[in-house]
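Novice: See target_2.cif below, with mmCIF, C-alpha atoms.
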```
data_input
loop_
_atom_site.label_atom_id
_atom_site.label_comp_id
_atom_site.auth_asym_id
_atom_site.auth_seq_id
_atom_site.Cartn_x
_atom_site.Cartn_y
_atom_site.Cartn_z
CA MET A 1264 -19.22 -2.70 28.44
CA TRP A 1265 -21.80 -0.54 26.62
CA ASP A 1266 -25.20 0.06 28.23
CA SER A 1267 -27.01 0.88 24.98
CA VAL A 1268 -26.50 1.71 21.32
CA GLY A 1269 -26.63 5.39 22.27
CA ASP A 1270 -23.94 4.85 24.87
CA PHE A 1271 -21.79 3.10 22.27
CA LEU A 1272 -22.27 5.89 19.75
CA ALA A 1273 -21.45 8.55 22.35
CA MET A 1274 -18.03 6.96 23.01
CA GLY A 1275 -17.92 8.51 26.48
CA GLY A 1276 -18.14 12.02 25.02
CA HIS A 1277 -15.42 11.40 22.44
CA ALA A 1278 -17.79 10.59 19.58
CA PRO A 1279 -16.60 13.28 17.10
CA TYR A 1280 -12.97 12.22 17.50
CA VAL A 1281 -13.50 8.46 17.43
CA TRP A 1282 -16.08 8.41 14.61
CA GLY A 1283 -14.30 11.18 12.73
CA SER A 1284 -11.23 8.93 12.69
CA PHE A 1285 -12.90 5.62 11.86
CA GLY A 1286 -15.22 7.34 9.37
CA MET A 1287 -12.33 8.93 7.49
CA VAL A 1288 -10.44 5.63 7.34
CA ALA A 1289 -13.54 3.85 6.03
CA ALA A 1290 -14.21 6.57 3.46
CA VAL A 1291 -10.61 6.74 2.21
CA LEU A 1292 -10.21 2.98 1.88
CA LEU A 1293 -13.60 2.63 0.16
CA VAL A 1294 -12.80 5.40 -2.35
CA GLU A 1295 -9.35 3.92 -3.01
CA TRP A 1296 -10.87 0.49 -3.59
CA LEU A 1297 -13.51 1.91 -5.98
CA LEU A 1298 -10.91 3.91 -7.94
CA VAL A 1299 -8.58 0.92 -8.32
CA ARG A 1300 -11.48 -1.29 -9.37
CA SER A 1301 -12.77 1.18 -11.96
CA ARG A 1302 -9.29 1.64 -13.45
CA ARG A 1303 -8.90 -2.12 -13.66
CA ARG A 1304 -12.20 -2.42 -15.51
CA ARG A 1305 -11.31 0.47 -17.83
CA VAL A 1306 -7.99 -1.13 -18.76
CA GLN A 1307 -9.66 -4.51 -19.28
CA ILE A 1308 -12.30 -3.01 -21.59
CA VAL A 1309 -9.65 -1.26 -23.70
CA LEU A 1310 -7.65 -4.47 -24.06
CA GLN A 1311 -10.71 -6.57 -24.80
CA ARG A 1312 -11.55 -4.18 -27.62
CA GLN A 1313 -8.01 -4.44 -29.00
CA SER A 1314 -8.19 -8.20 -28.75
CA ARG A 1315 -11.43 -8.29 -30.74
CA ARG A 1316 -9.98 -5.98 -33.35
CA SER A 1317 -6.88 -8.11 -33.87
CA THR A 1318 -8.93 -11.30 -34.22
CA ALA A 1319 -11.37 -9.55 -36.59
CA ASN A 1320 -8.48 -8.43 -38.79
CA GLY A 1321 -7.26 -12.00 -38.86
CA SER A 1322 -3.73 -10.79 -38.20
CA GLU A 1323 -1.26 -12.95 -36.37
CA GLY A 1324 0.00 -10.06 -34.28
CA GLU A 1325 3.23 -8.82 -35.78
CA MET B 895 21.08 -13.19 -12.17
CA THR B 896 18.81 -15.46 -14.14
CA ALA B 897 15.31 -16.64 -13.40
CA ARG B 898 16.74 -20.08 -12.77
CA SER B 899 19.22 -19.02 -10.11
CA ILE B 900 16.75 -16.99 -8.03
CA PRO B 901 13.15 -18.31 -8.04
CA TRP B 902 11.74 -14.90 -7.07
CA LEU B 903 13.02 -13.44 -10.33
CA LYS B 904 10.38 -15.43 -12.16
CA PHE B 905 7.94 -12.67 -11.23
CA THR B 906 9.95 -9.96 -12.93
CA ALA B 907 8.31 -11.24 -16.11
CA PRO B 908 5.01 -9.31 -16.40
CA PRO B 909 2.79 -12.30 -17.32
CA ASN B 910 4.07 -14.34 -14.37
CA PHE B 911 3.51 -11.41 -12.02
CA TYR B 912 0.02 -10.88 -13.38
CA VAL B 913 -1.00 -14.49 -12.88
CA LEU B 914 0.48 -14.61 -9.37
CA ALA B 915 -1.39 -11.44 -8.38
CA GLU B 916 -4.58 -12.83 -9.92
CA ARG B 917 -4.30 -15.90 -7.71
CA LEU B 918 -3.30 -14.05 -4.54
CA THR B 919 -5.67 -11.09 -4.39
CA PRO B 920 -8.99 -12.90 -3.72
CA TRP B 921 -7.37 -14.59 -0.71
CA LEU B 922 -5.86 -11.31 0.45
CA TRP B 923 -9.26 -9.57 0.32
CA GLY B 924 -10.76 -12.38 2.36
CA VAL B 925 -8.01 -12.34 4.99
CA ALA B 926 -8.13 -8.53 5.24
CA ALA B 927 -11.91 -8.57 5.77
CA LEU B 928 -11.62 -11.30 8.41
CA PHE B 929 -8.96 -9.46 10.40
CA LEU B 930 -10.82 -6.16 10.02
CA VAL B 931 -14.00 -7.61 11.51
CA ALA B 932 -12.08 -9.33 14.31
CA GLY B 933 -10.03 -6.19 15.03
CA LEU B 934 -13.10 -3.95 15.16
CA TYR B 935 -14.90 -6.43 17.41
CA VAL B 936 -12.05 -6.71 19.89
CA GLY B 937 -11.32 -2.98 19.62
CA PHE B 938 -14.87 -1.86 20.41
CA PHE B 939 -16.40 -4.70 22.41
CA VAL B 940 -13.58 -6.45 24.27
CA ALA B 941 -10.92 -3.84 25.00
CA PRO B 942 -11.96 -1.74 28.04
CA PRO B 943 -11.86 2.07 28.12
CA ASP B 944 -8.50 3.55 29.04
CA TYR B 945 -8.32 4.72 32.65
CA GLN B 946 -6.91 8.11 31.59
CA GLN B 947 -8.18 8.73 28.08
CA GLY B 948 -11.58 7.03 28.23
CA ASN B 949 -12.68 5.91 24.77
CA SER B 950 -10.66 8.28 22.58
CA TYR B 951 -7.70 5.90 22.83
CA ARG B 952 -9.57 3.51 20.48
CA ILE B 953 -8.35 5.75 17.66
CA MET B 954 -5.02 4.00 18.28
CA PHE B 955 -6.40 0.85 16.60
CA ILE B 956 -6.34 2.64 13.24
CA HIS B 957 -3.83 5.40 13.90
CA VAL B 958 -0.90 3.11 14.70
CA PRO B 959 -1.48 0.61 11.83
CA ALA B 960 -1.85 3.51 9.37
CA ALA B 961 1.37 5.11 10.63
CA TRP B 962 3.26 1.81 10.49
CA MET B 963 1.98 1.09 7.00
CA GLY B 964 3.00 4.56 5.81
CA MET B 965 6.58 3.98 6.94
CA PHE B 966 6.72 0.36 5.80
CA LEU B 967 5.28 1.14 2.37
CA TYR B 968 7.75 3.99 1.94
CA LEU B 969 10.71 1.70 2.62
CA LEU B 970 9.26 -0.91 0.27
CA MET B 971 8.76 1.72 -2.42
CA ALA B 972 12.35 2.91 -1.99
CA LEU B 973 13.58 -0.70 -2.16
CA TYR B 974 11.71 -1.31 -5.43
CA GLY B 975 13.03 2.04 -6.65
CA ALA B 976 16.58 0.88 -5.92
CA ILE B 977 15.98 -2.45 -7.68
CA PHE B 978 14.67 -0.55 -10.69
CA LEU B 979 17.67 1.80 -10.74
CA ILE B 980 20.29 -0.92 -10.30
CA TRP B 981 18.93 -3.84 -12.34
CA ARG B 982 16.49 -1.98 -14.62
CA ILE B 983 13.74 -4.43 -13.75
CA LYS B 984 10.60 -2.78 -15.07
CA MET B 985 8.26 -4.67 -12.75
CA ALA B 986 10.07 -3.05 -9.80
CA ASP B 987 9.06 0.36 -11.15
CA VAL B 988 5.49 -0.87 -11.59
CA MET B 989 5.44 -2.04 -7.97
CA ALA B 990 6.97 1.17 -6.57
CA ARG B 991 4.46 3.21 -8.52
CA ALA B 992 1.59 1.04 -7.32
CA ILE B 993 2.70 1.41 -3.70
CA ALA B 994 2.94 5.23 -3.70
CA PRO B 995 -0.79 6.15 -3.63
CA THR B 996 -1.57 3.67 -0.86
CA GLY B 997 1.45 4.86 1.11
CA ALA B 998 0.32 8.46 0.73
CA LEU B 999 -3.21 7.58 1.86
CA MET B 1000 -1.95 5.63 4.88
CA THR B 1001 0.28 8.55 5.88
CA PHE B 1002 -2.61 10.97 5.43
CA LEU B 1003 -4.79 8.73 7.61
CA SER B 1004 -2.15 8.57 10.33
CA LEU B 1005 -2.02 12.40 10.36
CA TRP B 1006 -5.81 12.77 10.29
CA THR B 1007 -6.48 10.22 13.05
CA GLY B 1008 -3.53 11.60 15.01
CA ALA B 1009 -5.03 15.09 14.90
CA LEU B 1010 -8.40 13.81 16.08
CA TRP B 1011 -6.71 11.83 18.85
CA GLY B 1012 -4.52 14.77 19.82
CA ALA B 1013 -7.45 17.15 20.24
CA PRO B 1014 -9.02 15.48 23.31
CA THR B 1015 -5.69 14.16 24.64
CA TRP B 1016 -3.26 17.06 24.23
CA GLY B 1017 -5.79 19.84 23.70
CA THR B 1018 -4.52 20.54 20.16
CA TYR B 1019 -4.95 19.07 16.68
CA TRP B 1020 -1.44 19.83 15.59
CA VAL B 1021 1.99 20.74 16.98
CA TRP B 1022 5.24 21.13 15.07
CA ASP B 1023 7.01 18.45 17.05
CA ALA B 1024 9.56 16.10 15.53
CA ARG B 1025 7.30 13.11 14.93
CA LEU B 1026 4.38 15.02 13.46
CA THR B 1027 6.60 17.16 11.27
CA SER B 1028 8.62 14.23 9.93
CA THR B 1029 5.38 12.34 9.19
CA LEU B 1030 4.10 15.34 7.24
CA ILE B 1031 7.37 15.25 5.28
CA LEU B 1032 6.73 11.56 4.57
CA LEU B 1033 3.38 12.50 3.02
CA PHE B 1034 5.11 15.12 0.85
CA LEU B 1035 7.72 12.55 -0.21
CA PHE B 1036 4.99 10.18 -1.40
CA LEU B 1037 3.25 13.01 -3.26
CA GLY B 1038 6.59 14.15 -4.69
CA TYR B 1039 7.29 10.63 -5.95
CA ILE B 1040 3.88 10.46 -7.65
CA ALA B 1041 4.24 13.92 -9.20
CA LEU B 1042 7.80 13.34 -10.38
CA HIS B 1043 6.92 9.99 -11.94
CA ALA B 1044 3.98 11.52 -13.79
CA ALA B 1045 5.85 14.69 -14.82
CA SER B 1046 8.11 13.11 -17.42
CA ASP B 1047 6.80 12.10 -20.83
CA ASP B 1048 9.42 9.39 -20.91
CA ARG B 1049 8.25 6.78 -18.39
CA GLU B 1050 11.74 5.35 -18.01
CA LYS B 1051 13.21 8.75 -17.13
CA GLY B 1052 10.34 9.68 -14.83
CA GLY B 1053 10.70 6.35 -13.07
CA ARG B 1054 14.42 6.83 -12.55
CA ALA B 1055 14.05 10.36 -11.16
CA ALA B 1056 11.21 9.31 -8.86
CA SER B 1057 13.16 6.25 -7.66
CA LEU B 1058 16.11 8.45 -6.78
CA LEU B 1059 13.82 10.73 -4.76
CA ALA B 1060 12.35 7.68 -2.99
CA ILE B 1061 15.80 6.39 -2.04
CA ILE B 1062 17.08 9.75 -0.76
CA GLY B 1063 13.84 10.33 1.16
CA ALA B 1064 14.16 6.96 2.92
CA VAL B 1065 16.41 8.66 5.47
CA ASN B 1066 13.23 10.25 6.83
CA VAL B 1067 11.76 6.93 7.98
CA PRO B 1068 14.25 6.22 10.81
CA ILE B 1069 13.88 9.88 11.77
CA ILE B 1070 10.12 9.36 12.22
CA TYR B 1071 10.60 6.10 14.06
CA PHE B 1072 13.23 7.29 16.53
CA SER B 1073 12.02 10.89 16.81
CA VAL B 1074 10.24 10.13 20.09
CA GLU B 1075 13.54 8.99 21.59
CA TRP B 1076 15.87 11.54 20.04
CA TRP B 1077 13.93 14.73 20.78
CA TYR B 1078 11.57 16.04 23.39
CA ASN B 1079 8.14 15.35 22.00
CA LEU B 1080 4.51 15.89 22.75
CA HIS B 1081 3.90 12.59 20.97
CA GLN B 1082 4.05 9.62 23.30
CA GLY B 1083 6.97 7.22 23.22
CA VAL B 1084 7.23 3.65 21.99
CA SER B 1085 4.64 1.40 23.63
CA VAL B 1086 4.57 -1.81 21.55
CA MET B 1087 8.13 -2.59 20.41
CA ARG B 1088 9.69 -2.30 23.87
CA ALA B 1089 12.42 -4.44 25.36
CA ASP B 1090 10.29 -5.04 28.48
CA GLY B 1091 7.22 -5.97 26.45
CA PRO B 1092 4.26 -3.87 25.30
CA SER B 1093 2.88 -1.42 27.85
CA MET B 1094 -0.83 -1.97 27.35
CA ALA B 1095 -3.61 -4.40 28.27
CA PRO B 1096 -3.59 -7.69 26.29
CA SER B 1097 -7.01 -7.04 24.72
CA MET B 1098 -5.87 -3.61 23.54
CA LEU B 1099 -2.71 -5.10 22.08
CA ALA B 1100 -4.78 -7.86 20.41
CA ALA B 1101 -7.05 -5.29 18.74
CA LEU B 1102 -4.02 -3.29 17.60
CA LEU B 1103 -2.29 -6.33 16.11
CA LEU B 1104 -5.46 -7.60 14.40
CA MET B 1105 -5.99 -4.19 12.80
CA THR B 1106 -2.34 -4.04 11.80
CA VAL B 1107 -2.66 -7.36 9.93
CA ALA B 1108 -5.87 -6.11 8.31
CA PHE B 1109 -4.16 -2.90 7.09
CA TRP B 1110 -1.12 -4.84 5.93
CA VAL B 1111 -3.09 -7.38 3.91
CA TYR B 1112 -5.44 -4.73 2.51
CA SER B 1113 -2.42 -2.75 1.32
CA ALA B 1114 -0.92 -5.83 -0.31
CA ALA B 1115 -4.17 -6.56 -2.16
CA ILE B 1116 -4.79 -3.01 -3.36
CA VAL B 1117 -1.14 -2.57 -4.44
CA LEU B 1118 -1.22 -5.83 -6.41
CA ARG B 1119 -4.48 -4.81 -8.10
CA ARG B 1120 -3.05 -1.41 -9.05
CA ALA B 1121 0.15 -3.04 -10.31
CA GLN B 1122 -1.93 -5.45 -12.41
CA SER B 1123 -3.72 -2.59 -14.17
CA GLU B 1124 -0.44 -0.80 -14.74
CA THR B 1125 1.10 -3.99 -16.16
CA LEU B 1126 -1.81 -4.57 -18.54
CA SER B 1127 -1.77 -1.01 -19.82
CA ARG B 1128 2.02 -1.07 -20.32
CA GLU B 1129 1.77 -4.36 -22.20
CA ALA B 1130 -1.48 -3.49 -23.97
CA ARG B 1131 -0.18 -4.39 -27.43
CA LYS B 1132 0.90 -7.87 -26.42
CA GLU B 1133 -1.18 -10.95 -26.95
CA TRP B 1134 -0.84 -12.23 -23.39
CA ALA B 1135 -2.19 -8.97 -21.93
CA GLN B 1136 -5.20 -9.01 -24.27
CA GLN B 1137 -5.91 -12.62 -23.38
CA ALA B 1138 -5.53 -11.84 -19.68
CA ALA B 1139 -7.95 -8.92 -19.97
CA CYS B 1140 -10.48 -11.32 -21.48
CA GLY B 1141 -9.85 -13.75 -18.62
CA ARG B 1142 -8.52 -16.50 -20.88
CA LEU B 1143 -4.74 -16.35 -20.75
CA THR B 1144 -3.43 -19.73 -21.91
CA ARG B 1145 -0.33 -21.34 -20.49
CA ASP B 1146 1.15 -21.46 -23.96
CA THR B 1147 0.77 -17.72 -24.58
CA ARG B 1148 2.12 -16.95 -21.13
CA GLU B 1149 5.23 -19.07 -21.57
CA ARG B 1150 5.93 -17.54 -24.96
CA ALA B 1151 5.52 -14.03 -23.50
CA VAL B 1152 7.86 -14.86 -20.60
CA ALA B 1153 10.49 -16.22 -22.99
CA GLN B 1154 10.19 -13.07 -25.07
CA ALA B 1155 10.51 -10.83 -21.99
CA GLN B 1156 13.64 -12.68 -20.92
CA GLN B 1157 15.13 -12.26 -24.35
CA GLU B 1158 14.41 -8.52 -24.26
CA ASN B 1159 16.06 -8.29 -20.83
CA ALA B 1160 19.13 -10.10 -22.11
CA VAL B 1161 19.37 -7.65 -24.99
CA SER B 1162 19.10 -4.59 -22.75
CA GLU B 1163 21.61 -6.02 -20.24
CA SER B 1164 24.21 -6.53 -22.95
CA GLY B 1165 23.70 -2.95 -24.09
CA GLY B 1166 21.65 -3.89 -27.14
CA GLN B 1167 24.43 -5.94 -28.74
CA ALA B 1168 22.77 -9.33 -28.58
#
```
Could you quickly redo this structure as structure tokens?
Specialist:
Amino acid sequence: MWDSVGDFLAMGGHAPYVWGSFGMVAAVLLVEWLLVRSRRRRVQIVLQRQSRRSTANGSEGE
Amino acid sequence: MTARSIPWLKFTAPPNFYVLAERLTPWLWGVAALFLVAGLYVGFFVAPPDYQQGNSYRIMFIHVPAAWMGMFLYLLMALYGAIFLIWRIKMADVMARAIAPTGALMTFLSLWTGALWGAPTWGTYWVWDARLTSTLILLFLFLGYIALHAASDDREKGGRAASLLAIIGAVNVPIIYFSVEWWYNLHQGVSVMRADGPSMAPSMLAALLLMTVAFWVYSAAIVLRRAQSETLSREARKEWAQQAACGRLTRDTRERAVAQAQQENAVSESGGQA
């Protein structure tokens, strides 16, 4: 269907629209994924620290 | 309404939800990636150019899934909001809150890709027609939910107000869906869910459906991950959450935490008289 890589990238003259759309979707999903992952790690680190503290204190929780 | 009478209710206990999500998400990432690759391949290398629109129509492969996901996620968020309001199940609030950002992003993407598709097709990025306007309102509803939930210092109160907004706003979703039939629109009509079958080439439909599955499964995975973080931070003081964060949650701790959560629910259901 495509004669060359350049032909593919040109999208029949609709390159800005097609790649502007797919590029934005890729960027948004990637940023969302990175944000969710970093929050997950942050929360895990906080809880791991709390866990260490409670074992160090030798307390049984409540 | 006990965990024994309805199996699904088992996952209203935070530790059970957390473990389920932990098991599901790796598979969901894998399935989403698989369908994404397949969808992009069929969409760019199998589906032929459109005889009228040329190649710009390929935007459909992301525009339509994003728009569907925006509407679907909104209804799901409103449903969880209703469950939270009626039965006071805290995990429902966690889920609704985890859905909102992804729903907002999907709706934004449907507007963005729609504008870029509209430019070469209609000669304009934006018109105030019924479908576009009601989709913009959907985006504001998602943002309103997020803002309202975050605005209150009392999470319970914020959650209730936001849930109410979500439920009232749900009326907008059928308006979006049927807008192309109810009003004169620049936006094209229904082309997939038609009584006489979809009005497009099979390879185009295949790419659209593959991408739809990819978006759907991606959304499920990202929402579960967000809900997991929210659950851990809400339960940060509890032993099970600390064990889970270290990746060594024992069955024993989990069962004790579930029993405790059920007891707390029983107390709150009886108005604190237990």
Novice: Counting all atoms listed in the file, which of B:Ala1135, B:Leu1099, B:Leu1033, B:Ala1041 gets nearest to chain A?
Specialist: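 Answer, going by the shortest atom-to-atom distance: B:Ala1135.
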Novice: Taking only C-alpha atoms into account, which of B:Gln946, B:Ser1057, B:Ser1046, B:Asn1066 comes nearest Met971 of chain B?
Specialist: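 When distances to Met971 of chain B are compared using only C-alpha atoms, the smallest one comes from B:Ser1057.
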Novice: If I take atom CA of Ala1139 of chain B and atom CA of Ala1151 of chain B, how far is one from the other in Å, to one decimal?
Specialist: 14.8 Å
Novice: Hey, which bits of chain A sit within 6 Å of chain B, and for each residue what's the closest pair of atoms and how far apart in Å (one decimal), counting all atoms listed in the file, rows by chain and increasing number, as CSV?
Specialist:
```
residue,atom,partner,partner_atom,distance
A:Met1274,CA,B:Asn949,CA,5.7
A:His1277,CA,B:Ser950,CA,5.7
A:Tyr1280,CA,B:Leu1010,CA,5.0
A:Val1281,CA,B:Ile953,CA,5.8
A:Ser1284,CA,B:Thr1007,CA,4.9
A:Arg1303,CA,B:Ser1123,CA,5.2
A:Gln1307,CA,B:Ala1139,CA,4.8
A:Leu1310,CA,B:Gln1136,CA,5.2
A:Gln1311,CA,B:Cys1140,CA,5.8
A:Ser1314,CA,B:Gln1136,CA,5.4
```
Novice: Within 12 Å of (7.5, 14.7, 21.3) (coordinates as in the file), grab all the protein and nucleic acid residues, counting all atoms listed in the file, and write them out as an MDAnalysis selection string.
Specialist: chainID B and resid 1016 1020:1028 1070:1084
Novice: Could you list the residues chosen by the PyMOL selection byres ((chain B and resi 903-913) around 7) in this structure as a compact mmCIF listing (two decimals) with C-alpha atoms, keeping the file's coordinate frame?
Specialist:
```
# COMPACT_ATOMS: atom_id res chain seq x y z
CA ALA B 897 15.31 -16.64 -13.40
CA ILE B 900 16.75 -16.99 -8.03
CA PRO B 901 13.15 -18.31 -8.04
CA TRP B 902 11.74 -14.90 -7.07
CA LEU B 914 0.48 -14.61 -9.37
CA ALA B 915 -1.39 -11.44 -8.38
CA GLU B 916 -4.58 -12.83 -9.92
CA ARG B 917 -4.30 -15.90 -7.71
CA ILE B 983 13.74 -4.43 -13.75
CA MET B 985 8.26 -4.67 -12.75
CA GLN B 1122 -1.93 -5.45 -12.41
CA THR B 1125 1.10 -3.99 -16.16
CA ARG B 1148 2.12 -16.95 -21.13
CA ALA B 1151 5.52 -14.03 -23.50
CA VAL B 1152 7.86 -14.86 -20.60
CA ALA B 1155 10.51 -10.83 -21.99
```
Novice: For Trp981 of chain B, list every protein, DNA or RNA residue within 12 Å, evaluated using only C-alpha atoms, and leave out those in the same chain fewer than 2 positions away; present the list as a list in words.
Specialist: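 My reading of the contact set: Met895, Thr896, Leu903, Thr906, Leu973, Tyr974, Gly975, Ala976, Ile977, Phe978, Leu979, Ile983, Lys984, Met985, Ala986, Asp987, Arg1054, Asn1159, Ala1160, Ser1162 and Glu1163 of chain B.
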Novice: In Å to one decimal, how far is atom CA of Leu1037 of chain B from atom CA of Val925 of chain B?
Specialist: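 Answer for the atom CA of Val925 of chain B to atom CA of Leu1037 of chain B separation: 28.9 Å.
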Novice: Any chance you could work out the axis-aligned box around segment 1309-1322 of chain A, listed atoms only, 5 Å on each side, giving centre and edge lengths in Å to one decimal, as AutoDock Vina command-line options?
Specialist:
```
--center_x -7.6 --center_y -6.6 --center_z -31.3 --size_x 17.8 --size_y 20.7 --size_z 25.2
```
Novice: For atom CA of Ile1069 of chain B and atom CA of Ala992 of chain B, determine how far apart the two atoms are, in Å to one decimal place.
Specialist: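 Computing the Euclidean distance for atom CA of Ile1069 of chain B and atom CA of Ala992 of chain B yields 24.4 Å.
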